[in-house]
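Dumped data-v6.cif below, it's mmCIF, C-alpha atoms:
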data_target
loop_
_atom_site.label_atom_id
_atom_site.label_comp_id
_atom_site.auth_asym_id
_atom_site.auth_seq_id
_atom_site.Cartn_x
_atom_site.Cartn_y
_atom_site.Cartn_z
CA MET A 29 0.00 0.00 0.00
CA SER A 30 1.13 3.56 -0.70
CA HIS A 31 2.64 5.36 2.28
CA LEU A 32 0.68 8.49 1.32
CA LEU A 33 -2.29 7.67 3.52
CA THR A 34 -4.64 10.55 4.27
CA ILE A 35 -7.59 9.91 6.56
CA ALA A 36 -10.52 12.20 5.83
CA ILE A 37 -12.97 12.70 8.71
CA ASP A 38 -16.15 14.66 8.04
CA GLY A 39 -19.32 15.22 10.01
CA PRO A 40 -21.66 17.84 11.45
CA ALA A 41 -20.88 20.26 14.28
CA ALA A 42 -20.03 18.67 17.64
CA SER A 43 -19.98 15.12 16.25
CA GLY A 44 -16.58 14.52 17.85
CA LYS A 45 -14.45 14.96 14.73
CA SER A 46 -11.77 17.06 16.37
CA THR A 47 -11.23 14.94 19.47
CA VAL A 48 -11.38 11.66 17.56
CA GLY A 49 -9.16 12.93 14.75
CA GLN A 50 -6.53 14.18 17.17
CA ARG A 51 -6.46 10.85 19.02
CA VAL A 52 -6.17 8.84 15.81
CA ALA A 53 -3.37 11.08 14.54
CA GLN A 54 -1.52 10.71 17.84
CA VAL A 55 -1.64 6.91 17.71
CA LEU A 56 -0.48 6.78 14.08
CA ASP A 57 2.07 9.59 14.49
CA PHE A 58 0.29 11.47 11.70
CA LEU A 59 -0.21 15.21 11.35
CA TYR A 60 -3.58 16.28 12.79
CA PHE A 61 -5.21 19.03 10.75
CA ASP A 62 -8.62 20.49 11.64
CA THR A 63 -9.57 22.53 8.57
CA GLY A 64 -12.39 24.19 10.50
CA ALA A 65 -9.78 26.15 12.44
CA MET A 66 -8.99 28.09 9.26
CA TYR A 67 -12.62 29.12 8.76
CA ARG A 68 -12.91 29.99 12.42
CA ALA A 69 -9.79 32.13 12.21
CA VAL A 70 -11.17 34.11 9.28
CA THR A 71 -14.48 34.48 11.12
CA LEU A 72 -12.80 35.71 14.30
CA LEU A 73 -10.75 38.29 12.43
CA ALA A 74 -13.77 39.48 10.47
CA LEU A 75 -15.79 39.93 13.66
CA GLU A 76 -12.94 41.77 15.38
CA ARG A 77 -12.63 44.14 12.41
CA GLY A 78 -16.35 44.76 12.18
CA MET A 79 -16.55 43.40 8.65
CA ASP A 80 -19.81 42.65 6.89
CA LEU A 81 -20.08 38.86 6.96
CA ALA A 82 -22.17 38.98 3.79
CA ASP A 83 -19.34 40.66 1.85
CA ALA A 84 -17.88 37.66 0.05
CA GLU A 85 -15.26 39.67 -1.83
CA ALA A 86 -13.84 41.29 1.30
CA LEU A 87 -13.82 38.02 3.22
CA GLY A 88 -12.10 36.28 0.31
CA ARG A 89 -9.36 38.91 0.40
CA LEU A 90 -9.02 38.47 4.15
CA ALA A 91 -8.59 34.71 3.72
CA ALA A 92 -6.03 35.20 0.94
CA GLU A 93 -4.00 37.82 2.77
CA THR A 94 -3.91 36.27 6.25
CA PRO A 95 -1.37 33.49 6.85
CA ILE A 96 -2.89 30.98 9.28
CA LEU A 97 -0.34 28.82 11.05
CA ILE A 98 -1.54 25.61 12.70
CA GLU A 99 1.02 23.87 14.90
CA GLN A 100 1.26 20.99 17.31
CA PRO A 101 0.95 22.32 20.89
CA ALA A 102 4.24 23.28 22.52
CA ASP A 103 5.46 20.95 25.27
CA ASP A 104 4.98 23.62 27.94
CA VAL A 105 1.31 24.25 27.05
CA GLN A 106 -0.93 22.44 29.53
CA ASP A 107 -4.45 23.60 28.60
CA SER A 108 -5.63 20.45 26.75
CA ARG A 109 -5.61 22.11 23.33
CA GLN A 110 -5.43 19.86 20.26
CA TYR A 111 -3.38 22.31 18.21
CA THR A 112 -2.19 25.89 18.33
CA VAL A 113 -3.45 28.49 15.85
CA ILE A 114 -1.27 31.54 15.25
CA VAL A 115 -2.38 34.55 13.21
CA GLU A 116 -0.19 37.63 12.88
CA GLY A 117 2.00 36.39 15.74
CA ARG A 118 -0.98 35.96 18.06
CA ASP A 119 -2.21 32.73 19.65
CA ILE A 120 -5.96 32.65 18.94
CA THR A 121 -6.55 28.96 19.69
CA TRP A 122 -9.17 29.32 22.39
CA GLU A 123 -10.72 32.46 20.93
CA LEU A 124 -11.79 30.32 17.97
CA ARG A 125 -14.24 28.52 20.29
CA HIS A 126 -16.11 31.62 21.46
CA ARG A 127 -19.86 31.51 20.94
CA ALA A 128 -19.76 34.43 18.52
CA VAL A 129 -17.48 32.42 16.25
CA ASP A 130 -19.70 29.33 16.61
CA GLN A 131 -22.71 31.38 15.58
CA ASN A 132 -21.12 33.03 12.53
CA VAL A 133 -18.56 30.61 11.07
CA SER A 134 -21.14 28.93 8.80
CA GLN A 135 -22.00 32.26 7.22
CA VAL A 136 -18.34 32.95 6.49
CA ALA A 137 -17.56 29.42 5.33
CA ARG A 138 -20.40 29.36 2.83
CA HIS A 139 -18.75 32.00 0.62
CA PRO A 140 -17.05 30.39 -2.42
CA SER A 141 -14.32 33.05 -2.33
CA VAL A 142 -13.32 32.05 1.21
CA ARG A 143 -13.50 28.33 0.54
CA LYS A 144 -11.43 28.66 -2.63
CA GLU A 145 -8.61 30.46 -0.83
CA LEU A 146 -8.49 28.06 2.10
CA ARG A 147 -9.16 24.86 0.18
CA SER A 148 -6.00 25.11 -1.89
CA GLN A 149 -3.93 25.34 1.30
CA GLN A 150 -5.77 22.38 2.80
CA ARG A 151 -5.31 20.21 -0.29
CA LYS A 152 -1.56 20.82 -0.38
CA ILE A 153 -1.27 19.60 3.18
CA GLY A 154 -3.42 16.54 2.54
CA GLU A 155 -1.48 15.55 -0.55
CA GLN A 156 1.69 15.22 1.53
CA GLY A 157 0.17 12.15 3.14
CA GLU A 158 0.21 10.82 6.68
CA VAL A 159 -2.46 13.29 7.70
CA VAL A 160 -5.70 13.01 9.61
CA MET A 161 -7.74 15.82 8.07
CA VAL A 162 -10.97 16.87 9.74
CA GLY A 163 -13.75 19.07 8.37
CA ARG A 164 -17.07 19.10 6.54
CA ASP A 165 -16.03 18.66 2.92
CA ILE A 166 -12.76 16.74 3.13
CA GLY A 167 -13.93 13.48 1.60
CA THR A 168 -16.22 15.15 -0.93
CA VAL A 169 -14.19 18.17 -2.11
CA VAL A 170 -10.80 18.77 -0.50
CA MET A 171 -9.44 15.20 -0.68
CA PRO A 172 -11.90 13.19 -2.80
CA ASP A 173 -9.19 10.59 -3.50
CA ALA A 174 -8.35 9.98 0.16
CA PRO A 175 -8.03 6.19 0.62
CA LEU A 176 -9.96 6.22 3.91
CA LYS A 177 -13.00 8.44 4.45
CA ILE A 178 -14.94 8.52 7.69
CA TYR A 179 -18.21 10.35 8.33
CA LEU A 180 -18.87 10.78 12.05
CA ASP A 181 -22.50 11.34 12.90
CA ALA A 182 -24.56 11.81 16.05
CA SER A 183 -28.04 13.04 16.89
CA PRO A 184 -28.51 16.79 17.46
CA GLU A 185 -29.43 16.03 21.08
CA GLU A 186 -26.22 14.13 21.72
CA ARG A 187 -24.16 16.85 20.07
CA ALA A 188 -25.85 19.58 22.11
CA ARG A 189 -25.00 17.68 25.30
CA ARG A 190 -21.37 17.45 24.21
CA ARG A 191 -21.19 21.14 23.34
CA CYS A 192 -22.82 22.05 26.65
CA ARG A 193 -20.27 19.93 28.53
CA ASP A 194 -17.38 21.53 26.61
CA CYS A 195 -18.62 25.02 27.47
CA GLU A 196 -18.92 24.13 31.15
CA LEU A 197 -15.39 22.71 31.19
CA ARG A 198 -14.14 26.07 29.87
CA GLY A 199 -16.08 27.91 32.56
CA GLU A 200 -18.63 29.34 30.11
CA ASP A 201 -22.37 29.55 30.69
CA ALA A 202 -24.29 27.09 28.52
CA ASP A 203 -27.98 26.41 28.00
CA TYR A 204 -28.80 23.01 26.49
CA GLU A 205 -31.93 24.09 24.62
CA THR A 206 -30.20 27.12 23.13
CA LEU A 207 -27.26 25.00 22.00
CA LEU A 208 -29.63 22.41 20.52
CA ASP A 209 -31.39 25.10 18.47
CA GLU A 210 -28.04 26.45 17.29
CA ILE A 211 -26.83 23.01 16.23
CA ARG A 212 -30.01 22.32 14.27
CA GLU A 213 -29.73 25.68 12.53
CA ARG A 214 -26.05 25.01 11.82
CA ASP A 215 -26.87 21.63 10.31
CA GLN A 216 -29.42 23.24 8.01
CA ARG A 217 -27.03 25.96 6.88
CA ASP A 218 -24.14 23.56 6.34
CA SER A 219 -26.20 21.03 4.38
CA GLN A 220 -27.95 23.61 2.21
CA ARG A 221 -25.12 25.97 1.33
CA PRO A 222 -24.50 26.12 -2.43
CA GLU A 223 -20.72 25.72 -2.12
CA ALA A 224 -19.48 22.31 -0.86
CA PRO A 225 -22.49 21.45 1.34
CA LEU A 226 -22.08 19.01 4.18
CA SER A 227 -22.76 15.55 2.75
CA VAL A 228 -21.55 11.97 2.96
CA ALA A 229 -19.04 10.92 0.29
CA ASP A 230 -20.22 7.91 -1.71
CA ASP A 231 -17.33 5.78 -0.46
CA ALA A 232 -17.26 7.09 3.11
CA ILE A 233 -17.80 4.83 6.12
CA VAL A 234 -20.49 6.29 8.39
CA LEU A 235 -19.99 5.86 12.14
CA ASP A 236 -22.91 6.77 14.41
CA THR A 237 -21.30 7.90 17.66
CA ASP A 238 -24.43 8.19 19.81
CA GLY A 239 -23.75 6.40 23.08
CA LEU A 240 -20.12 5.71 22.19
CA SER A 241 -17.11 6.98 24.10
CA ILE A 242 -14.25 8.72 22.35
CA ASP A 243 -12.07 5.65 22.92
CA GLU A 244 -14.65 3.38 21.32
CA VAL A 245 -14.86 5.54 18.20
CA VAL A 246 -11.07 5.78 17.97
CA ARG A 247 -10.77 2.00 18.19
CA GLN A 248 -13.25 1.57 15.34
CA ILE A 249 -11.28 3.93 13.11
CA LEU A 250 -7.95 2.30 13.96
CA GLU A 251 -9.45 -1.05 13.02
CA LEU A 252 -10.43 0.42 9.64
CA VAL A 253 -6.87 1.72 9.24
CA LYS A 254 -5.59 -1.76 10.04
CA GLN A 255 -7.87 -3.18 7.35
CA GLN A 256 -6.19 -0.78 4.93
CA GLY A 257 -2.92 -2.58 5.64
CA TRP A 258 -1.39 0.28 7.61
CA THR A 259 0.42 -0.23 10.91
CA ARG A 260 1.70 2.14 13.54
CA GLU A 261 5.26 0.96 12.85
CA GLU A 262 4.92 1.83 9.16
CA ALA A 263 3.58 5.25 10.07
CA SER A 264 6.47 5.93 12.42
CA ARG A 265 9.02 4.74 9.87
CA ASN A 266 7.67 6.84 7.01
CA HIS A 267 6.47 9.87 8.90
CA THR A 268 8.08 13.26 8.32
CA GLN A 269 6.78 16.03 10.56
CA THR A 270 5.19 18.78 8.48
CA ALA A 271 3.46 21.91 9.73
CA PRO A 272 0.71 23.62 7.73
#

Let me see the file written as structure tokens.
Amino acid sequence: MSHLLTIAIDGPAASGKSTVGQRVAQVLDFLYFDTGAMYRAVTLLALERGMDLADAEALGRLAAETPILIEQPADDVQDSRQYTVIVEGRDITWELRHRAVDQNVSQVARHPSVRKELRSQQRKIGEQGEVVMVGRDIGTVVMPDAPLKIYLDASPEERARRRCRDCELRGEDADYETLLDEIRERDQRDSQRPEAPLSVADDAIVLDTDGLSIDEVVRQILELVKQQGWTREEASRNHTQTAP
């Protein structure tokens, strides 16, 4: 089997893609790359600058002109982050999870101009191989030739509970019903947007994560990797650390 294995993980908001993807990448010694961080970074900057989120041209320029650096967390960082996002020399990792970004990232990500600018960067990273790439259009658009495509799904209710728990762990106020409404609205926007809507790739393996722990989902994916003929030892032997 080719050593250029890229694992594409797609799914709706709060389906566990980020946590699962990071764990799988850690076991395989692959690069973990959450493409949603790029869209969140553009959204955060646009909100901070008071930009019109309906202005596709301006947002496309912002995406093109703003280098977004995604790195593995430094050894001395002890805040449970999965990656570090640097923009203009500033660590914005946790700011990307603010509610305002949650509520507006779909509107920014739906613009073809933004997706075009960020997608080319994402594809270059994926084509290097040995990457676990997480997002909403990885298997369908960014890396349609990825040899292993996973679609993680969960009910809106389960995802709202997870998001509520995450907010509480960060010390933020969270209302379950409000989060459930937001997730349902997000699902509708993501699945109906004209540019790269959220959908299941024809050859993707769908995993329903309702009632499953993170460890259980990770084990299922690692078993699928094993079926592909890939081993941890091969990954370690072939892996070359690459930062986006």

_the PyMOL selection byres ((chain A and resi 47) around 10) resolved against shown file, as a ChimeraX atom specification_ = /A:42-46,48-52,62,109-110,162,242-243,246

_Ground truth for the PyMOL selection byres ((chain A and resi 145) around 12), written as a PyMOL selection string_ = chain A and resi 66-67+70+84-85+87-96+137+139-144+146-152+170

Using only C-alpha atoms, I'd like a table of the residues in stretch 164-222 of chain A that come within 10 Å of stretch 120-132 of chain A; for each, show the closest atom pair and its distance in Å rounded to one decimal, ordered by chain and ascending number, as a Markdown table.
| residue | atom | partner | partner_atom | distance |
| --- | --- | --- | --- | --- |
| A:Asp194 | CA | A:Arg125 | CA | 9.9 |
| A:Cys195 | CA | A:Arg125 | CA | 9.1 |
| A:Arg198 | CA | A:Trp122 | CA | 9.6 |
| A:Glu200 | CA | A:His126 | CA | 9.3 |
| A:Ala202 | CA | A:Arg127 | CA | 9.8 |
| A:Leu207 | CA | A:Arg127 | CA | 9.9 |
| A:Glu210 | CA | A:Gln131 | CA | 7.5 |
| A:Ile211 | CA | A:Gln131 | CA | 9.4 |
| A:Glu213 | CA | A:Gln131 | CA | 9.5 |
| A:Arg214 | CA | A:Gln131 | CA | 8.1 |

*asked:* Please list as a ChimeraX atom specification every residue within 12 Å of A:Leu97, counting all atoms listed in the file and excluding residues in the same chain fewer than 2 positions away.
replied: /A:61-63,65-66,69,94-95,99-101,111-121,149-150,270-272

Tell me, counting only C-alpha atoms, for each residue of stretch 137-208 of chain A within 10 Å of stretch 230-235 of chain A, which pair of atoms is nearest and how far apart they are in Å to one decimal, in rows ordered by chain and increasing number, as a Markdown table.
| residue | atom | partner | partner_atom | distance |
| --- | --- | --- | --- | --- |
| A:Gly167 | CA | A:Ala232 | CA | 7.4 |
| A:Thr168 | CA | A:Asp230 | CA | 8.3 |
| A:Pro172 | CA | A:Asp231 | CA | 9.5 |
| A:Asp173 | CA | A:Asp231 | CA | 9.9 |
| A:Ala174 | CA | A:Ala232 | CA | 9.8 |
| A:Pro175 | CA | A:Asp231 | CA | 9.4 |
| A:Leu176 | CA | A:Ala232 | CA | 7.4 |
| A:Lys177 | CA | A:Ala232 | CA | 4.7 |
| A:Ile178 | CA | A:Ile233 | CA | 4.9 |
| A:Tyr179 | CA | A:Val234 | CA | 4.7 |
| A:Leu180 | CA | A:Leu235 | CA | 5.0 |
| A:Asp181 | CA | A:Leu235 | CA | 6.1 |
| A:Ala182 | CA | A:Leu235 | CA | 8.5 |

The selected residues should be written to file as an mmCIF file, keeping the file's coordinate frame (atoms: C-alpha atoms).
data_model
loop_
_atom_site.group_PDB
_atom_site.id
_atom_site.type_symbol
_atom_site.label_atom_id
_atom_site.label_comp_id
_atom_site.auth_asym_id
_atom_site.auth_seq_id
_atom_site.Cartn_x
_atom_site.Cartn_y
_atom_site.Cartn_z
ATOM 1 C CA GLY A 167 -13.930 13.480 1.600
ATOM 2 C CA THR A 168 -16.220 15.150 -0.930
ATOM 3 C CA PRO A 172 -11.900 13.190 -2.800
ATOM 4 C CA ASP A 173 -9.190 10.590 -3.500
ATOM 5 C CA ALA A 174 -8.350 9.980 0.160
ATOM 6 C CA PRO A 175 -8.030 6.190 0.620
ATOM 7 C CA LEU A 176 -9.960 6.220 3.910
ATOM 8 C CA LYS A 177 -13.000 8.440 4.450
ATOM 9 C CA ILE A 178 -14.940 8.520 7.690
ATOM 10 C CA TYR A 179 -18.210 10.350 8.330
ATOM 11 C CA LEU A 180 -18.870 10.780 12.050
ATOM 12 C CA ASP A 181 -22.500 11.340 12.900
ATOM 13 C CA ALA A 182 -24.560 11.810 16.050
#

*What separation in Å, quoted to one decimal, exists between atom CA of A:Ser183 and atom CA of A:Asp238?*
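Separation of atom CA of A:Ser183 and atom CA of A:Asp238: 6.7 Å.
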
*With only C-alpha atoms as the atoms that count, which of A:Gln156, A:Gln54, A:Thr206, A:Thr237 lies nearest to A:Leu250?*
A:Gln54

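With atom CA of A:Gly199 on one side and atom CA of A:Leu75 on the other, the separation reads 22.4 Å.
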
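Of note, atom CA of A:Pro222 and atom CA of A:Gln135 are spaced 11.7 Å apart.
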
_Please determine, counting only C-alpha atoms, which residue among A:Met79, A:Pro184, A:Pro225, A:Ser108 has the shortest atom-to-atom distance to A:Ile166._
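Ranked by minimum distance to A:Ile166, first place goes to A:Pro225.
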
Coordinates of box centre and edge lengths for stretch 195-204 of chain A, 6 Å on every side, axis-aligned, as AutoDock Vina command-line options:
--center_x -21.5 --center_y 26.1 --center_z 29.5 --size_x 26.7 --size_y 18.8 --size_z 18.1

_Nearest residue to A:Leu72 out of A:Val245, A:Ala224, A:Val133, A:Arg190, using all atoms listed in the file?_
A:Val133

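Nearest residue to A:Arg247 among A:Gly157, A:Glu76, A:Val55, A:Ile35 is A:Val55, counting all atoms listed in the file.
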
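Checking A:Ala229, A:Ala41, A:Leu56, A:Arg138 one by one against A:Lys254, counting all atoms listed in the file, you find the shortest gap at A:Leu56.
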
*Which residue of A:Ala74, A:Val105, A:Val160, A:Val228 approaches A:Phe58 most closely, using all atoms listed in the file*: A:Val160
